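**Student:** The structure that follows is given in the form of structure tokens.
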Amino acid sequence: MTRETLVSVLEEIALLLELKGENPFKIRAYRTGAEVVESFPGDIVKEAAENNLAGTKGIGDALRQKLHELATTGKLVFHERLRAEFPATIFELFDIPGLGPKKVKALYEALGVDSVSRLREVCESSEVAELAGFGKKSVEKILEAIAFREKNASRFRQEEVAGVVEQILDFLKAHPAVSRAEAAGSWRRAKETVHDVDFITETGDTAAVTAAFVEGPFVENVIVRGETKASIHVAKGVQCDLRAVSAEEYPFALHYFTGSKEHNIAMRSRALTRGYTLNEYRLAPTGGAPGAEKIQTEQELYRFLGLDYIEPELRENAGEIEAAEAGDLPRLVAMENLRGTFHNHTNASDGKATLKEMAEAAQELGLQYLGIADHSKSSFQANGLHADRLLSQVREIQHLNDGFEEFRLFAGSEVDILKDGDLDFDDEILEQLDYCVASVHNAMTQPEAKMTERIIKAVSNPHVTMLGHPTGRLLLRREPYAVDIPAVIEACAATATVIELNANPWRLDLDWRWWKHAAEMGVKCAINPDAHDAEGLAFLYYGVRIARKGWLTRKDVINCLPLGEIEAVIGA
DNA sequence: GCCGTTTTCGGCCCGACTGTTTTCAGTCG
């Protein structure tokens, strides 16, 4: 029994009770209970098993007994009875935006809709539109959502695969017959989502390595297995492919399977113009002349073709080959360059950790400063701060700063950009802060012109230091809102407003495709984890990957500046 | 189902948006 299981059982109960139309406050009690379990300081499983949870706020008699039953027997009769009332596939309906418990219940009871595929059937016939509360527009939106879901099927965000990539790489590198191993493909290129993960190993015994791979502890099922190549599924349905190659082939295989396809095509034709043919195994003279070039690393391969080494993140055939030829490639920002970060939440709004805990976590990561930006009052759902609570947080931060040596908390706010582009706080409040992140959190369906005008108005306020998650997208979940990004970049350049690269792996927003242009326009970037707990600071890793993909150097990223220089930039 | 207490039951966070309605229900943040 793990903490995660306790949490997911309570959350599932809440969902099932919603489907049954139970008292909403009872439902909320289960959700609160799940949150309490999730952030319980200490060994919650042990405490539950020993029935020691009396007096824990949010856990009353009923939840205490249920957690005790779960922790001791591994199951909960109440939960199993509830589950038995609905088909297991019904949960996937909640993935469709616009469908909540009431509508799912109605669809299930009136039309027997218990899965997304059945939902599509009843939408494509006229059955749904005849249901009370549903009309032509709802049918359209549901079908769009199903299409979006299918388009993104079997794609995964970086944080969904990061753990297993590390596990498999460690496993392969530990194999006695493996001398080199790397994860290639779109993972290595730091794409925001990946379809599968390719692993390349250098070995003298390909059969032994592929055999070990398909027997690894991470394997869910084996798709194909051969002498030099194997494919498996790991948890969550992520496909992982292994290529085992010889030392001579390794640099070519690694390069080939890193891609992108477009980059490879450009590289192959470059080789051809120099009288060589390049493939996943070798670089050899064209026309069947004997002898392949001795190349041991990707660096040597690029050099042979007259190019500086191109980092994997840049290999999208988006100007990197020309830049490599001219010696103009940027020196990409790296994790070690970061000195601090902005846009983090605490338990004052919807975060889990205290100011002090966040500060300690930042120092453990070696950061010199940490910006706190809790939600502003209009974000009710996130327990946004009114001015008085914000100002008392500012005082608390000042007090904490007195106790730090060579570390500083910056007092800020993630202030809502209201519908008309006004900010959620007046200037008199904002000027008491060290900095301010302005973000859109509502009315996301405004037409593009209106949204663009709204954001430009917000960044034109001199108190706004940076624009938060500029498109509001949630990867594989929600499309970005309609906004004219070049116009926003221009406005940020004109007003010296920093643009955030939100490093939360659900967002990775602003998208990497815009950063080269933004930097050329003179706009600075802030890589921000949008952390809601101490662990969330680690999202900086994903942000750095995307910044690299966007051609950014440490000069482009303000949080590479040390404490002592950063104040001048943000005006704190 | 939890909490707090004027100790045994009443209150529990709010507002905008959308699509359906024709005054509101459901969803979302």
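Every chain in the structure tokens has a letter given in the order shown (A, B, ...), and although residue numbers restart at 1 in each chain, ligands are simply numbered from 1 in the order shown.
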What are the residues of chain B that have an atom within 6 Å of an atom of chain A, counting only C-alpha atoms (C1' of nucleotides), as a count of residues only?
**Tutor:** 5
**Student:** For stretch 243-256 of chain A, list every protein, DNA or RNA residue within 7 Å, evaluated using only C-alpha atoms (C1' of nucleotides), and leave out those in the same chain fewer than 6 positions away; present the list as a PyMOL selection string.
**Tutor:** chain A and resi 184+199-204+206+210+228-230+264+279-282+296-298
**Student:** Neighbouring residues of stretch 316-322 of chain A were defined as those with any atom within 7 Å, considering only C-alpha atoms (C1' of nucleotides); residues of the same chain fewer than 5 positions away were excluded. Please report them as a VMD selection string.
**Tutor:** chain A and resid 260 262 to 263
**Student:** So how many Å separate atom CA of A:Arg274 and atom CA of A:Leu305, to one decimal?
**Tutor:**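 These atoms are spaced 7.9 Å apart.
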**Student:** Closest to A:Asn51 among A:Leu67, A:Val161, A:Leu111, A:Ile146, using only C-alpha atoms?
**Tutor:**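 With only C-alpha atoms as the atom set, the closest residue is A:Leu67.
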